[in-house]
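Q: target.txt is the file, holding compact mmCIF, C-alpha atoms and all ligand atoms:
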# COMPACT_ATOMS: atom_id res chain seq x y z
CA PRO A 226 -95.50 -21.24 85.73
CA THR A 227 -97.78 -20.55 82.78
CA LEU A 228 -100.74 -22.79 82.02
CA LEU A 229 -103.14 -23.09 79.10
CA ALA A 230 -106.66 -24.26 79.93
CA ILE A 231 -109.52 -25.43 77.75
CA GLU A 232 -113.19 -25.55 78.75
CA SER A 233 -115.70 -27.30 76.48
CA SER A 234 -118.11 -29.06 78.84
CA CYS A 235 -121.28 -27.64 77.36
CA ASP A 236 -121.97 -24.91 74.84
CA GLU A 237 -119.06 -22.51 75.35
CA THR A 238 -115.68 -23.13 73.75
CA ALA A 239 -113.12 -21.38 75.92
CA VAL A 240 -109.34 -21.10 76.14
CA ALA A 241 -107.36 -19.18 78.75
CA ILE A 242 -103.73 -18.67 79.62
CA LEU A 243 -102.78 -17.94 83.23
CA SER A 244 -99.56 -17.48 85.07
CA GLY A 245 -99.07 -17.71 88.80
CA GLU A 246 -97.00 -18.63 91.80
CA PRO A 247 -98.27 -20.44 94.89
CA GLY A 248 -100.09 -18.09 97.27
CA GLN A 249 -100.01 -15.21 94.77
CA PRO A 250 -102.96 -13.83 92.79
CA ALA A 251 -103.14 -15.63 89.45
CA ARG A 252 -102.70 -13.49 86.34
CA ILE A 253 -105.12 -14.11 83.53
CA LEU A 254 -102.98 -13.38 80.46
CA SER A 255 -105.85 -14.12 78.08
CA SER A 256 -109.32 -15.59 78.30
CA GLU A 257 -111.20 -16.29 75.07
CA ILE A 258 -114.75 -17.56 74.65
CA ALA A 259 -116.65 -18.58 71.54
CA SER A 260 -120.22 -18.61 72.80
CA GLN A 261 -122.79 -20.80 71.09
CA ILE A 262 -125.78 -19.22 72.81
CA GLU A 263 -127.15 -17.74 69.58
CA LEU A 264 -126.81 -21.08 67.80
CA HIS A 265 -128.77 -23.03 70.41
CA ARG A 266 -131.32 -20.32 71.18
CA GLN A 267 -133.52 -21.30 68.23
CA TYR A 268 -133.89 -24.78 69.81
CA GLY A 269 -134.59 -23.43 73.30
CA GLY A 270 -131.65 -25.35 74.74
CA VAL A 271 -128.32 -26.98 73.97
CA VAL A 272 -128.18 -29.49 71.09
CA PRO A 273 -125.21 -31.78 71.93
CA GLU A 274 -124.32 -32.69 68.31
CA LEU A 275 -124.23 -29.04 67.26
CA ALA A 276 -122.23 -28.14 70.36
CA SER A 277 -119.44 -30.65 69.73
CA ARG A 278 -119.16 -29.75 66.05
CA ASN A 279 -118.78 -26.12 67.00
CA HIS A 280 -116.18 -26.89 69.62
CA SER A 281 -114.01 -28.62 67.03
CA LEU A 282 -114.55 -25.76 64.62
CA HIS A 283 -113.62 -23.00 67.09
CA LEU A 284 -111.01 -24.58 69.30
CA ARG A 285 -107.93 -24.25 67.16
CA PRO A 286 -108.38 -20.59 66.25
CA LEU A 287 -109.23 -19.86 69.89
CA VAL A 288 -105.96 -21.44 71.08
CA GLU A 289 -104.10 -19.28 68.57
CA THR A 290 -105.95 -16.14 69.68
CA ALA A 291 -105.31 -16.94 73.35
CA LEU A 292 -101.58 -17.37 72.70
CA ARG A 293 -101.42 -14.17 70.67
CA ASN A 294 -103.35 -12.12 73.24
CA ALA A 295 -101.17 -13.47 76.03
CA ASP A 296 -98.15 -12.53 73.94
CA THR A 297 -96.70 -16.02 74.26
CA ASP A 298 -96.26 -19.25 72.30
CA LEU A 299 -96.88 -22.97 72.84
CA CYS A 300 -93.27 -23.67 73.85
CA SER A 301 -93.61 -21.28 76.79
CA ILE A 302 -96.59 -23.12 78.29
CA ASP A 303 -95.67 -25.26 81.30
CA ALA A 304 -98.87 -27.30 81.62
CA PHE A 305 -102.13 -27.94 79.77
CA ALA A 306 -105.47 -28.33 81.55
CA ALA A 307 -108.94 -29.23 80.32
CA THR A 308 -112.34 -29.90 81.82
CA SER A 309 -112.87 -33.66 82.02
CA GLY A 310 -116.38 -33.55 83.49
CA PRO A 311 -119.16 -33.17 84.34
CA GLY A 312 -120.75 -32.16 81.03
CA LEU A 313 -121.81 -33.45 77.64
CA SER A 314 -119.51 -36.30 76.63
CA SER A 315 -119.22 -35.24 72.98
CA SER A 316 -118.32 -31.71 74.09
CA LEU A 317 -115.89 -32.74 76.83
CA LEU A 318 -114.04 -35.02 74.40
CA ILE A 319 -113.08 -32.15 72.08
CA GLY A 320 -111.43 -29.98 74.72
CA SER A 321 -109.74 -32.74 76.66
CA THR A 322 -108.37 -34.45 73.54
CA ALA A 323 -106.99 -31.13 72.31
CA ALA A 324 -105.29 -30.40 75.65
CA LYS A 325 -103.76 -33.89 75.71
CA ALA A 326 -102.48 -33.45 72.16
CA LEU A 327 -100.87 -30.13 73.09
CA ALA A 328 -99.34 -31.74 76.18
CA VAL A 329 -97.90 -34.65 74.17
CA SER A 330 -96.52 -32.48 71.42
CA THR A 331 -94.77 -30.13 73.87
CA GLY A 332 -93.78 -32.77 76.44
CA ARG A 333 -95.60 -30.89 79.19
CA PRO A 334 -98.00 -32.30 81.79
CA PHE A 335 -101.73 -32.64 81.25
CA LEU A 336 -104.25 -31.90 83.99
CA ALA A 337 -107.85 -33.15 83.95
CA ILE A 338 -109.99 -30.64 85.83
CA ASN A 339 -113.42 -31.03 87.41
CA HIS A 340 -115.70 -28.31 86.01
CA LEU A 341 -117.37 -27.89 89.42
CA GLU A 342 -114.03 -27.32 91.09
CA GLY A 343 -113.41 -24.64 88.47
CA HIS A 344 -116.63 -22.86 89.45
CA LEU A 345 -115.95 -23.42 93.16
CA LEU A 346 -112.48 -21.84 93.09
CA SER A 347 -113.37 -19.00 90.69
CA PRO A 348 -113.97 -16.39 93.46
CA PHE A 349 -110.33 -16.82 94.56
CA VAL A 350 -108.48 -16.16 91.29
CA GLY A 351 -107.60 -12.61 92.31
CA LEU A 352 -106.67 -13.66 95.84
CA GLY A 353 -104.45 -16.58 94.86
CA GLU A 354 -105.07 -18.45 98.08
CA VAL A 355 -108.17 -20.26 99.21
CA PRO A 356 -109.06 -19.74 102.89
CA PRO A 357 -111.47 -22.04 104.76
CA HIS A 358 -115.00 -21.06 103.76
CA VAL A 359 -118.51 -22.13 102.93
CA ALA A 360 -119.12 -22.26 99.17
CA LEU A 361 -122.33 -22.08 97.19
CA ILE A 362 -122.18 -23.14 93.54
CA VAL A 363 -125.29 -22.06 91.62
CA SER A 364 -125.09 -23.04 87.97
CA GLY A 365 -127.21 -24.44 85.17
CA GLY A 366 -126.86 -28.01 86.42
CA HIS A 367 -125.94 -27.70 90.10
CA THR A 368 -126.89 -26.11 93.39
CA LEU A 369 -124.22 -27.25 95.78
CA LEU A 370 -123.42 -26.06 99.29
CA LEU A 371 -119.98 -27.09 100.54
CA ASP A 372 -117.64 -26.63 103.42
CA VAL A 373 -114.16 -25.98 102.07
CA GLU A 374 -111.23 -26.52 104.39
CA MET A 375 -108.68 -25.97 101.62
CA PRO A 376 -108.47 -26.79 97.90
CA GLY A 377 -109.27 -30.47 97.48
CA ARG A 378 -110.91 -30.87 100.89
CA TYR A 379 -114.61 -30.40 100.26
CA ARG A 380 -117.47 -31.53 102.46
CA LYS A 381 -120.96 -31.55 100.97
CA LEU A 382 -123.48 -29.77 103.17
CA GLY A 383 -126.47 -29.69 100.87
CA SER A 384 -127.65 -29.75 97.28
CA THR A 385 -130.84 -29.51 95.28
CA LEU A 386 -133.30 -32.38 95.46
CA ASP A 387 -134.74 -31.53 92.05
CA ASP A 388 -133.97 -28.58 89.73
CA ALA A 389 -130.73 -26.63 89.94
CA ALA A 390 -131.12 -22.90 90.59
CA GLY A 391 -130.09 -22.00 87.02
CA GLU A 392 -132.36 -24.70 85.64
CA ALA A 393 -135.27 -23.17 87.60
CA PHE A 394 -134.48 -19.76 86.06
CA ASP A 395 -134.33 -21.33 82.60
CA LYS A 396 -137.55 -23.33 82.98
CA VAL A 397 -139.56 -20.48 84.47
CA ALA A 398 -138.31 -18.16 81.73
CA LYS A 399 -139.50 -20.67 79.14
CA MET A 400 -142.94 -20.76 80.80
CA LEU A 401 -143.02 -16.96 80.65
CA GLY A 402 -142.13 -16.97 76.97
CA LEU A 403 -138.67 -15.46 77.53
CA PRO A 404 -135.72 -16.61 75.39
CA TYR A 405 -132.97 -19.07 76.38
CA PRO A 406 -130.94 -18.83 78.56
CA GLY A 407 -133.56 -17.63 80.99
CA GLY A 408 -131.45 -16.37 83.90
CA PRO A 409 -130.33 -13.06 82.41
CA GLU A 410 -133.78 -12.51 80.82
CA ILE A 411 -135.53 -12.94 84.18
CA GLU A 412 -133.06 -10.59 85.84
CA LYS A 413 -133.65 -7.94 83.16
CA THR A 414 -137.44 -8.29 83.25
CA ALA A 415 -137.49 -8.29 87.08
CA MET A 416 -135.94 -4.83 87.17
CA GLY A 417 -139.26 -3.05 86.79
CA GLY A 418 -141.14 -5.49 89.03
CA ASN A 419 -142.25 -5.78 92.63
CA PRO A 420 -140.64 -8.78 94.38
CA GLU A 421 -143.57 -8.94 96.81
CA ALA A 422 -146.32 -8.88 94.20
CA PHE A 423 -146.76 -12.66 94.20
CA GLU A 424 -146.34 -14.88 97.24
CA PHE A 425 -144.24 -17.76 95.97
CA PRO A 426 -143.05 -20.56 98.28
CA ARG A 427 -139.61 -20.53 99.91
CA SER A 428 -139.17 -24.30 99.72
CA MET A 429 -137.46 -26.06 102.63
CA MET A 430 -136.52 -22.73 104.18
CA LYS A 431 -137.62 -23.80 107.67
CA ASP A 432 -136.30 -27.30 107.11
CA LYS A 433 -133.24 -28.17 109.20
CA SER A 434 -131.46 -29.75 106.25
CA LEU A 435 -129.26 -27.65 103.99
CA ASP A 436 -130.79 -29.12 100.85
CA PHE A 437 -132.75 -27.12 98.30
CA SER A 438 -135.83 -27.69 96.17
CA PHE A 439 -137.04 -25.47 93.34
CA ALA A 440 -139.63 -27.69 91.63
CA GLY A 441 -142.46 -26.47 93.89
CA LEU A 442 -141.61 -22.86 93.14
CA LYS A 443 -141.68 -23.59 89.42
CA THR A 444 -145.11 -25.21 89.77
CA ALA A 445 -146.34 -22.24 91.82
CA VAL A 446 -145.39 -19.90 88.98
CA LEU A 447 -147.22 -22.16 86.51
CA TYR A 448 -150.41 -22.19 88.65
CA THR A 449 -150.28 -18.43 89.00
CA LEU A 450 -150.13 -18.15 85.22
CA THR A 451 -153.11 -20.42 84.62
CA ASP A 452 -155.08 -18.77 87.45
CA ARG A 453 -154.57 -15.31 86.08
CA ASN A 454 -155.19 -16.22 82.49
CA PRO A 455 -157.22 -19.48 82.40
CA GLU A 456 -157.80 -19.38 78.65
CA THR A 457 -154.23 -19.36 77.44
CA GLY A 458 -152.12 -19.99 80.55
CA GLN A 459 -149.83 -17.38 79.02
CA PRO A 460 -148.57 -14.49 81.11
CA LYS A 461 -150.09 -11.06 80.56
CA THR A 462 -147.33 -8.74 79.47
CA GLU A 463 -148.07 -6.34 82.32
CA ASP A 464 -147.59 -9.19 84.84
CA LEU A 465 -144.12 -10.18 83.61
CA PRO A 466 -141.96 -7.83 85.70
CA ASP A 467 -143.80 -8.73 88.95
CA LEU A 468 -143.72 -12.46 88.15
CA CYS A 469 -139.99 -12.37 87.41
CA ALA A 470 -139.14 -10.23 90.45
CA SER A 471 -141.22 -12.40 92.81
CA PHE A 472 -139.78 -15.65 91.46
CA GLN A 473 -136.22 -14.32 91.58
CA GLN A 474 -136.68 -13.12 95.16
CA ALA A 475 -138.02 -16.50 96.27
CA VAL A 476 -134.88 -18.21 94.91
CA ILE A 477 -132.59 -15.59 96.46
CA ASP A 478 -134.19 -15.74 99.93
CA VAL A 479 -133.60 -19.49 100.19
CA LEU A 480 -130.05 -19.39 98.79
CA VAL A 481 -128.95 -16.61 101.14
CA ALA A 482 -130.66 -18.01 104.26
CA LYS A 483 -129.27 -21.53 103.87
CA THR A 484 -125.75 -20.45 102.97
CA VAL A 485 -125.50 -18.09 105.94
CA ARG A 486 -126.92 -20.79 108.21
CA ALA A 487 -124.30 -23.21 106.85
CA ALA A 488 -121.47 -20.75 107.52
CA ARG A 489 -122.70 -20.25 111.09
CA GLY A 490 -123.02 -23.99 111.62
CA ARG A 491 -119.49 -24.65 110.38
CA GLY A 492 -118.02 -21.65 112.17
CA ARG A 493 -116.76 -20.16 108.88
CA ASP A 494 -116.32 -16.41 108.48
CA THR A 495 -116.15 -16.43 104.68
CA ILE A 496 -118.80 -17.27 102.07
CA ALA A 497 -117.90 -17.71 98.40
CA LEU A 498 -120.53 -17.68 95.66
CA SER A 499 -119.91 -19.05 92.15
CA GLY A 500 -121.58 -20.41 89.01
CA GLY A 501 -123.65 -18.77 86.28
CA VAL A 502 -126.50 -17.71 88.55
CA SER A 503 -124.01 -15.73 90.66
CA LEU A 504 -123.97 -13.20 87.80
CA ASN A 505 -127.36 -12.08 89.10
CA ARG A 506 -126.90 -8.62 90.63
CA THR A 507 -129.89 -8.88 92.94
CA LEU A 508 -128.51 -12.15 94.31
CA ARG A 509 -125.01 -10.69 94.78
CA ASN A 510 -126.42 -7.63 96.53
CA ALA A 511 -128.61 -9.73 98.81
CA PHE A 512 -125.60 -11.85 99.82
CA GLN A 513 -123.44 -8.79 100.36
CA LYS A 514 -126.05 -7.09 102.52
CA ARG A 515 -126.74 -10.14 104.67
CA CYS A 516 -123.03 -10.94 105.07
CA ASP A 517 -122.25 -7.33 106.04
CA ALA A 518 -124.96 -7.50 108.69
CA ASP A 519 -123.65 -10.82 110.00
CA GLY A 520 -119.94 -9.96 109.95
CA ILE A 521 -119.16 -12.53 107.25
CA ARG A 522 -116.70 -11.87 104.44
CA PHE A 523 -118.46 -12.33 101.09
CA LEU A 524 -116.49 -13.27 97.97
CA THR A 525 -117.84 -13.90 94.52
CA ALA A 526 -116.30 -14.42 91.11
CA GLU A 527 -115.74 -11.50 88.78
CA PRO A 528 -118.56 -11.32 86.22
CA GLY A 529 -116.36 -12.81 83.46
CA LEU A 530 -115.65 -15.83 85.65
CA CYS A 531 -119.25 -16.70 86.60
CA THR A 532 -120.63 -18.53 83.59
CA ASP A 533 -118.51 -21.15 81.86
CA ASN A 534 -115.02 -19.94 81.04
CA ALA A 535 -111.52 -21.36 80.78
CA ALA A 536 -109.86 -19.00 83.27
CA MET A 537 -111.55 -20.76 86.18
CA ILE A 538 -110.38 -24.13 84.82
CA GLY A 539 -106.90 -22.64 84.48
CA PHE A 540 -106.87 -21.43 88.09
CA ALA A 541 -107.93 -24.87 89.38
CA GLY A 542 -105.25 -26.32 87.07
CA LEU A 543 -102.59 -24.02 88.50
CA LEU A 544 -103.43 -25.11 92.06
CA HIS A 545 -103.12 -28.79 91.03
CA HIS A 546 -99.89 -28.02 89.19
CA PHE A 547 -98.44 -26.26 92.26
CA ALA A 548 -99.31 -29.40 94.25
CA GLY A 549 -97.22 -31.44 91.81
CA GLN A 550 -100.19 -33.26 90.34
CA GLU A 551 -100.55 -34.47 86.77
CA SER A 552 -103.18 -36.61 85.01
CA PRO A 553 -102.44 -39.69 82.91
CA LEU A 554 -102.90 -39.19 79.17
CA ASP A 555 -105.44 -42.02 79.08
CA GLU A 556 -107.59 -40.20 81.66
CA ASP A 557 -111.12 -40.50 80.31
CA ILE A 558 -113.86 -37.88 80.27
CA HIS A 559 -116.60 -38.29 82.88
CA PRO A 560 -120.02 -36.86 81.93
CA ASN A 561 -121.40 -37.42 85.46
CA LEU A 562 -118.25 -36.62 87.40
CA PRO A 563 -119.17 -35.53 90.93
CA LEU A 564 -117.05 -33.12 92.95
CA PRO A 565 -114.88 -35.39 95.11
CA THR A 566 -116.02 -34.81 98.70
CA LEU A 567 -114.83 -36.09 102.06
P1 LIG B 1 -122.93 -26.67 85.33
O1 LIG B 1 -121.80 -25.77 85.65
O2 LIG B 1 -123.76 -27.04 86.51
O3 LIG B 1 -122.52 -27.84 84.52
P2 LIG B 1 -123.60 -24.74 83.31
O4 LIG B 1 -122.14 -24.80 83.07
O5 LIG B 1 -124.53 -24.82 82.19
O6 LIG B 1 -123.97 -25.86 84.41
P3 LIG B 1 -123.17 -22.04 84.04
O7 LIG B 1 -122.61 -21.77 82.70
O8 LIG B 1 -122.29 -21.88 85.21
O9 LIG B 1 -123.90 -23.44 84.13
O10 LIG B 1 -124.41 -21.10 84.27
C1 LIG B 1 -125.46 -21.06 83.35
C2 LIG B 1 -126.71 -20.80 84.14
O11 LIG B 1 -126.64 -19.53 84.77
C3 LIG B 1 -127.96 -20.82 83.28
O12 LIG B 1 -128.95 -21.60 83.92
C4 LIG B 1 -128.37 -19.34 83.25
O13 LIG B 1 -129.74 -19.12 83.11
C5 LIG B 1 -127.87 -18.87 84.60
N1 LIG B 1 -127.66 -17.42 84.62
C6 LIG B 1 -126.82 -16.68 83.86
N2 LIG B 1 -126.95 -15.37 84.12
C7 LIG B 1 -127.88 -15.27 85.09
C8 LIG B 1 -128.48 -14.17 85.78
N3 LIG B 1 -128.12 -12.92 85.51
N4 LIG B 1 -129.43 -14.45 86.70
C9 LIG B 1 -129.79 -15.71 86.97
N5 LIG B 1 -129.29 -16.78 86.35
C10 LIG B 1 -128.34 -16.57 85.42
FE FE B 2 -120.71 -24.45 84.44
MG MG B 3 -123.20 -22.64 80.11
Could you express the structure from this file as structure tokens?

A:
Amino acid sequence: PTLLAIESSCDETAVAILSGEPGQPARILSSEIASQIELHRQYGGVVPELASRNHSLHLRPLVETALRNADTDLCSIDAFAATSGPGLSSSLLIGSTAAKALAVSTGRPFLAINHLEGHLLSPFVGLGEVPPHVALIVSGGHTLLLDVEMPGRYRKLGSTLDDAAGEAFDKVAKMLGLPYPGGPEIEKTAMGGNPEAFEFPRSMMKDKSLDFSFAGLKTAVLYTLTDRNPETGQPKTEDLPDLCASFQQAVIDVLVAKTVRAARGRGRDTIALSGGVSLNRTLRNAFQKRCDADGIRFLTAEPGLCTDNAAMIGFAGLLHHFAGQESPLDEDIHPNLPLPTL
């Protein structure tokens, strides 16, 4: 079957068309994104009203582009999927209403997809099947460690008690005067820096729980700034690479240690990493190295599938479609939708 998916949970309008068969790698026939990063950058974050207006502006042409690039038409689509949460309600509404309208007008099923499940399953698009594994989702709003028995059977092992990993990157970048979104800026700036230059805390690393905390690390960066430059509290330009590298390493050490510990504890031989922060090369390399040393298979999403995109929603949609599922057309959007866990 062929499926068209729409993602509009936050500030990216995205449409993808995928085809697949159960147990086979999914084929991404097209995957289009209209990014609003430039638009929101001047405000230092996402402005919901602007985001939803832009979704409605871009969605229709994006659907047309996706169909054209996939060399197909609406009548050949077997199911329509859209993110129904979590996210900004005014943004979610645009994508899910559009997908429902397309489903009604073509008489095909509609599938409401959980954005987090999209991230979670994104490392498996090219594999087509989802083996038992331990998953770490590191995104702008979530840091979630899960045991995955199979699609739909998720057990929560740990999550952040305060900031999400991506949020910590974004907030620290803001403190350092780097533009939004902060993750890629910190990674770039860290390249010339020494990750051991500053001794930042590895919060809850020795703690038995599999939860995370990044607020203390953020505060430690702030204190370092004010200590080193009491007058302005602003970073000295020459400090930036070391600050970024040391902060980034502190986040990475905790993420890798806890995820590997979780895999050991659950007896899983596969770790899958997803979400926007998983774009970070230093993080991917650290996971790969540690997993190689520990005999664990490490899977992560392709770069184009890490930050918000519709292909990951389409893949989750395909798996639901294969399972014979379908959502009612009066299915609402859910801004605070959690990932359903056991
Ligand atoms: P959620 O999925 O939890 O609702 P979101 O959709 O906003 O949140 P994503 O789009 O998956 O999150 O990821 C965006 C986050 O990823 C931002 O916080 C951004 O700073 C971070 N990020 C992107 N690239 C990198 C990178 N190279 N290094 C670190 N963080 C990064
Ligand atoms: Fe996301
Ligand atoms: Mg985003």

Q: Could you tell me how far atom CA of Ala304 of chain A lies from atom CA of Leu543 of chain A, in Å and to one decimal?

A: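 Separation of atom CA of Ala304 of chain A and atom CA of Leu543 of chain A: 8.5 Å.
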
Q: Would you please work out which residue, of A:Ala526, A:Val359, A:Cys531, A:Ala415, is nearest to ligand LIG 1 (chain B) when using only C-alpha atoms and all ligand atoms?

A: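 Of the candidates, the smallest distance to ligand LIG 1 (chain B) is held by A:Cys531.
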
Q: Between A:Thr308, A:Ser552, A:Thr290, A:Gln249, which residue has the minimum interatomic distance to Ala328 of chain A, considering all atoms listed in the file?

A: A:Ser552

Q: Write out as a VMD selection string each polymer residue (protein, DNA or RNA) that has an atom no more than 6 Å from ligand MG 3 (chain B), with only C-alpha atoms and all ligand atoms counted.

A: chain A and resid 236 532 to 533

Q: Go ahead and save the residues from that selection, with C-alpha atoms, as a PDB file, in the coordinates of the input.

A:
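Output below, filename result_21.pdb:
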ATOM      1  CA  ASP A 236    -121.970 -24.910  74.840  1.00  0.00           C
ATOM      2  CA  THR A 532    -120.630 -18.530  83.590  1.00  0.00           C
ATOM      3  CA  ASP A 533    -118.510 -21.150  81.860  1.00  0.00           C
TER       4      ASP A 533
END

Q: Need the neighbours of (-114.8, -20.9, 112.6): which residues are at most 12 Å away, counting all atoms listed in the file, as a list in words?

A: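 Those within range, by chain then number, are Pro356, Pro357, His358, Val359, Asp372, Val373, Glu374, Ala487, Ala488, Arg489, Gly490, Arg491, Gly492, Arg493, Asp494, Thr495, Ile496 and Ile521 of chain A.
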
Q: Using only C-alpha atoms, pick whichever of A:Leu318, A:Met400, A:Arg285, A:Gly377 has the shortest atom-to-atom distance to Thr457 of chain A.

A: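 Of the candidates, the smallest distance to Thr457 of chain A is held by A:Met400.
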
Q: Counting all atoms listed in the file, which of A:Lys443, A:Arg293, A:Arg333, A:His344 gets nearest to ligand LIG 1 (chain B)?

A: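 Of A:Lys443, A:Arg293, A:Arg333, A:His344, the one nearest ligand LIG 1 (chain B), counting all atoms listed in the file, is A:His344.
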
Q: At what distance in Å, to one decimal, does atom CA of Gly529 of chain A lie from atom CA of Thr414 of chain A?

A: 21.6 Å

Q: Counting only C-alpha atoms and all ligand atoms, what are the residues of chain A within 9 Å of ligand FE 2 (chain B), and for each of them which pair of atoms is the nearest and at what distance in Å, to one decimal? Sort the table by chain and rising number, as JSON lines.

A:
{"residue": "A:Ser234", "atom": "CA", "partner": "B:FE2", "partner_atom": "FE", "distance": 7.7}
{"residue": "A:Cys235", "atom": "CA", "partner": "B:FE2", "partner_atom": "FE", "distance": 7.8}
{"residue": "A:Pro311", "atom": "CA", "partner": "B:FE2", "partner_atom": "FE", "distance": 8.9}
{"residue": "A:Gly312", "atom": "CA", "partner": "B:FE2", "partner_atom": "FE", "distance": 8.4}
{"residue": "A:His340", "atom": "CA", "partner": "B:FE2", "partner_atom": "FE", "distance": 6.5}
{"residue": "A:Leu341", "atom": "CA", "partner": "B:FE2", "partner_atom": "FE", "distance": 6.9}
{"residue": "A:Gly343", "atom": "CA", "partner": "B:FE2", "partner_atom": "FE", "distance": 8.3}
{"residue": "A:His344", "atom": "CA", "partner": "B:FE2", "partner_atom": "FE", "distance": 6.7}
{"residue": "A:Val363", "atom": "CA", "partner": "B:FE2", "partner_atom": "FE", "distance": 8.8}
{"residue": "A:Ser364", "atom": "CA", "partner": "B:FE2", "partner_atom": "FE", "distance": 5.8}
{"residue": "A:Gly365", "atom": "CA", "partner": "B:FE2", "partner_atom": "FE", "distance": 6.5}
{"residue": "A:Gly366", "atom": "CA", "partner": "B:FE2", "partner_atom": "FE", "distance": 7.4}
{"residue": "A:His367", "atom": "CA", "partner": "B:FE2", "partner_atom": "FE", "distance": 8.4}
{"residue": "A:Gly500", "atom": "CA", "partner": "B:FE2", "partner_atom": "FE", "distance": 6.2}
{"residue": "A:Gly501", "atom": "CA", "partner": "B:FE2", "partner_atom": "FE", "distance": 6.7}
{"residue": "A:Cys531", "atom": "CA", "partner": "B:FE2", "partner_atom": "FE", "distance": 8.2}
{"residue": "A:Thr532", "atom": "CA", "partner": "B:FE2", "partner_atom": "FE", "distance": 6.0}
{"residue": "A:Asp533", "atom": "CA", "partner": "B:FE2", "partner_atom": "FE", "distance": 4.7}
{"residue": "A:Asn534", "atom": "CA", "partner": "B:FE2", "partner_atom": "FE", "distance": 8.0}

Q: Please, could you write that set of residues out with C-alpha atoms as an mmCIF file, keeping the file's coordinate frame?

A:
data_model
loop_
_atom_site.group_PDB
_atom_site.id
_atom_site.type_symbol
_atom_site.label_atom_id
_atom_site.label_comp_id
_atom_site.auth_asym_id
_atom_site.auth_seq_id
_atom_site.Cartn_x
_atom_site.Cartn_y
_atom_site.Cartn_z
ATOM 1 C CA SER A 234 -118.110 -29.060 78.840
ATOM 2 C CA CYS A 235 -121.280 -27.640 77.360
ATOM 3 C CA PRO A 311 -119.160 -33.170 84.340
ATOM 4 C CA GLY A 312 -120.750 -32.160 81.030
ATOM 5 C CA HIS A 340 -115.700 -28.310 86.010
ATOM 6 C CA LEU A 341 -117.370 -27.890 89.420
ATOM 7 C CA GLY A 343 -113.410 -24.640 88.470
ATOM 8 C CA HIS A 344 -116.630 -22.860 89.450
ATOM 9 C CA VAL A 363 -125.290 -22.060 91.620
ATOM 10 C CA SER A 364 -125.090 -23.040 87.970
ATOM 11 C CA GLY A 365 -127.210 -24.440 85.170
ATOM 12 C CA GLY A 366 -126.860 -28.010 86.420
ATOM 13 C CA HIS A 367 -125.940 -27.700 90.100
ATOM 14 C CA GLY A 500 -121.580 -20.410 89.010
ATOM 15 C CA GLY A 501 -123.650 -18.770 86.280
ATOM 16 C CA CYS A 531 -119.250 -16.700 86.600
ATOM 17 C CA THR A 532 -120.630 -18.530 83.590
ATOM 18 C CA ASP A 533 -118.510 -21.150 81.860
ATOM 19 C CA ASN A 534 -115.020 -19.940 81.040
#

Q: Using all atoms listed in the file, pick whichever of A:Ile558, A:Ala307, A:Leu275, A:Ala241 has the shortest atom-to-atom distance to Pro334 of chain A.

A: A:Ala307

Q: Counting only C-alpha atoms, figure out which residue out of A:Leu228, A:Ala398, A:Ala323, A:Thr368 gets nearest to Asp298 of chain A.

A: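 Distance minimum relative to Asp298 of chain A lands on A:Leu228.
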
Q: Report, as JSON, the axis-aligned box around all atoms of ligand LIG 1 (chain B) present in the file, extended by 5 Å on each side; give centre and edge lengths in Å to one decimal place.

A:
{"center_x": -125.8, "center_y": -20.4, "center_z": 84.6, "size_x": 18.0, "size_y": 24.9, "size_z": 14.8}

Q: Atom CA of Leu562 of chain A and atom CA of Val355 of chain A, how far apart in Å?

A: 22.6 Å

Q: So that I can see what lies close to Glu274 of chain A, please list as a PyMOL selection string the residues with an atom at most 10 Å from it, counting only C-alpha atoms and leaving out residues fewer than 6 positions away in the same chain.

A: chain A and resi 313+315-316

Q: With all atoms listed in the file as the counted atoms, please give the residues lying no more than 6 Å from Arg380 of chain A, apart from itself and same-chain residues fewer than 6 positions off, as a list in words.

A: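 Near Arg380 of chain A, the qualifying residues are Leu371, Asp372, Thr566 and Leu567 of chain A.
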
Q: Counting only C-alpha atoms, select every polymer residue within 7 Å of (-109.1, -22.0, 88.6) as defined in the file's coordinates, and provide the selection as a ChimeraX atom specification.

A: /A:343,346-347,350,536-543

Q: As a compact mmCIF listing (two decimals), in the frame of the given file, please: segment 408-414 of chain A completed to N, CA and C atoms.

A:
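Below is the file result09.txt, written as the result:
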# COMPACT_ATOMS: atom_id res chain seq x y z
N GLY A 408 -131.94 -17.12 82.75
CA GLY A 408 -131.45 -16.37 83.90
C GLY A 408 -131.32 -14.89 83.66
N PRO A 409 -130.50 -14.50 82.66
CA PRO A 409 -130.33 -13.06 82.41
C PRO A 409 -131.63 -12.38 81.98
N GLU A 410 -132.50 -13.09 81.27
CA GLU A 410 -133.78 -12.51 80.82
C GLU A 410 -134.67 -12.20 82.02
N ILE A 411 -134.70 -13.16 82.98
CA ILE A 411 -135.53 -12.94 84.18
C ILE A 411 -134.97 -11.77 84.97
N GLU A 412 -133.65 -11.72 85.10
CA GLU A 412 -133.06 -10.59 85.84
C GLU A 412 -133.44 -9.26 85.21
N LYS A 413 -133.33 -9.18 83.88
CA LYS A 413 -133.65 -7.94 83.16
C LYS A 413 -135.11 -7.56 83.36
N THR A 414 -136.00 -8.55 83.15
CA THR A 414 -137.44 -8.29 83.25
C THR A 414 -137.85 -7.92 84.68
